[in-house]
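**Q** Just dropping this structure here.
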Amino acid sequence: MFTKAIVRTPGRSMVFGLTNANLGTVDYEKALLQHRQYIAALKSCELEVLVLEADETYPDSTFVEDVALLTTRCAIITRPAAPSRRGETSRVQSLLERFYTCIEKITSPGTLDGGDVMQVCEHFYIGISARTNLAGANQLITILGRYGMTGSTVPVTECLHLKTGVTCVSEKTLLATDEYALRPEFAAFKVLPVAGGENGAANCIRINGKVLMPAGFPQVRQQLIDEGAQVIEIDISEYAKLDGGLTCLSLRF
Ligand code: GLY
């Protein structure tokens, strides 16, 4: 069970956030509304939501998942590859110090974004991507090993982050785009290939028995319902314009 989530209010500078999406300009007021709706959805999953203040210095800082990895035994502060995001870690670390006695760090030359890490029970799949390098992944695997957990790598070639294209919707079931649906790393899972080219729906979050999914993907919604999932849809159109997904917007622990 998760009991808490950390989110970070977007600043007006989010309109200058990193993106390859080509989905248009962010509407900041709409983004704030969607952020409040996201928080409400987390609360409906029985989470206490800790809301960090906006920081205009860091346009992408609302994507709080990228700067830390939270496990039941330790927190790991990441080292984002994007230079504009490096400074995002310190505020999140200071909040985590209230909850964790063991805080580890990814260090140079390693880079790692939390969006590249998919946890399934005590194993962590780590995407090797434009943001996460092998040095960062190996550091994380070593840290996890010290706490009795394991990790392994998966190549990321088409998406920004691993979890842009594959997420865990139950302990035995993944939702995946074509890039991941047939990967040997995931052969032990039941893999639901996203229906109808609805790739934007692959980034879902499983929280306390419910599955949060982005709004606007009716075929994937039906797939999840057919799997017995209790689905909550959230409109995150303004975050998608910055390559952001549902998982990126919170840290759950
Ligand atoms: N805009 C989110 C990221 O590129 O890190």
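Letters A, B, ... go to the chains of the structure tokens in the order shown; residues in each chain start at 1; ligands are counted from 1 in the same order.
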Can you pull out every residue from stretch 64-252 of chain A that DSSP, working from the backbone, puts in helix (DSSP H, G or I), and format the result as a ChimeraX atom specification?

**A** /A:64-67,83-96,114-116,134-146,162-165,178-181,184-186,195-197,199-201,218-226,237-240,247-249

**Q** For chain A versus ligand 1, which residues have an atom no more than 6 Å away, and what is each residue's nearest atom pair and distance in Å rounded to one decimal, using only C-alpha atoms and all ligand atoms, chain-then-number order, as a tab-separated table?

**A**
```
residue	atom	partner	partner_atom_place_in_ligand_line	distance
A:Gly17	CA	ligand 1	1 (N)	5.2
A:Leu18	CA	ligand 1	1 (N)	4.2
A:Thr19	CA	ligand 1	1 (N)	5.1
A:Asp60	CA	ligand 1	1 (N)	5.4
A:Leu242	CA	ligand 1	1 (N)	4.4
A:Asp243	CA	ligand 1	1 (N)	5.2
A:Gly244	CA	ligand 1	2 (C)	5.5
```

**Q** Generate a file of the selected residues that holds N, CA, C and O atoms, formatted as a compact mmCIF listing (two decimals), in the first residue's frame.

**A**
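again_5.txt, written as the output of this step:
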```txt
# COMPACT_ATOMS: atom_id res chain seq x y z
N GLY A 17 9.32 24.36 -20.81
CA GLY A 17 9.84 23.05 -20.47
C GLY A 17 10.36 22.28 -21.69
O GLY A 17 10.00 22.59 -22.84
N LEU A 18 11.17 21.30 -21.42
CA LEU A 18 11.74 20.47 -22.49
C LEU A 18 10.63 19.68 -23.19
O LEU A 18 9.73 19.16 -22.53
N THR A 19 10.71 19.61 -24.49
CA THR A 19 9.71 18.79 -25.19
C THR A 19 10.15 18.43 -26.60
O THR A 19 10.87 19.19 -27.26
N ASP A 60 10.69 22.28 -15.73
CA ASP A 60 10.19 20.90 -15.75
C ASP A 60 9.99 20.33 -14.35
O ASP A 60 9.77 19.12 -14.21
N LEU A 242 4.49 18.51 -22.93
CA LEU A 242 5.89 18.56 -22.48
C LEU A 242 6.45 17.15 -22.33
O LEU A 242 7.36 16.92 -21.51
N ASP A 243 5.91 16.22 -23.07
CA ASP A 243 6.35 14.82 -22.99
C ASP A 243 6.10 14.20 -21.62
O ASP A 243 6.74 13.21 -21.26
N GLY A 244 5.20 14.81 -20.84
CA GLY A 244 4.97 14.31 -19.49
C GLY A 244 3.79 13.36 -19.44
O GLY A 244 2.82 13.51 -20.19
```

**Q** What are the closest atom pairs, with distances in Å to one decimal, for each residue of stretch 187-222 of chain A lying within 10 Å of stretch 38-56 of chain A, using only C-alpha atoms, rows by chain and rising residue number, as CSV?

**A**
```
residue,atom,partner,partner_atom,distance
A:Arg206,CA,A:Cys45,CA,9.6
A:Ile207,CA,A:Cys45,CA,6.5
A:Asn208,CA,A:Cys45,CA,6.3
A:Gly209,CA,A:Cys45,CA,8.2
A:Lys210,CA,A:Cys45,CA,7.0
A:Val211,CA,A:Cys45,CA,9.3
A:Leu212,CA,A:Ala41,CA,7.9
```

**Q** Grab the residues selected above and save them as a compact mmCIF listing (two decimals), in the first residue's frame with C-alpha atoms.

**A**
```txt
# COMPACT_ATOMS: atom_id res chain seq x y z
CA ARG A 206 -1.40 1.56 -10.33
CA ILE A 207 -2.16 2.87 -6.84
CA ASN A 208 -3.75 0.87 -4.05
CA GLY A 209 -5.84 -1.31 -6.34
CA LYS A 210 -6.86 1.43 -8.79
CA VAL A 211 -5.39 2.35 -12.16
CA LEU A 212 -5.07 6.01 -13.10
```

**Q** Where in stretch 87-208 of chain A does DSSP assign strand (DSSP E), given as a VMD selection string?

**A** chain A and resid 103 to 105 117 to 120 123 to 128 150 to 155 166 to 170 173 to 176 190 to 193 205 to 207

**Q** Calculated over only C-alpha atoms, which of the candidates A:Asn133, A:Asn203, A:Asn138, A:Thr78 has the smallest distance to A:Val92?

**A** A:Thr78

**Q** For A:Thr177, which residue out of A:Asn199, A:Thr142, A:Gln223, A:Gln119 is the nearest one, using only C-alpha atoms?

**A** A:Asn199
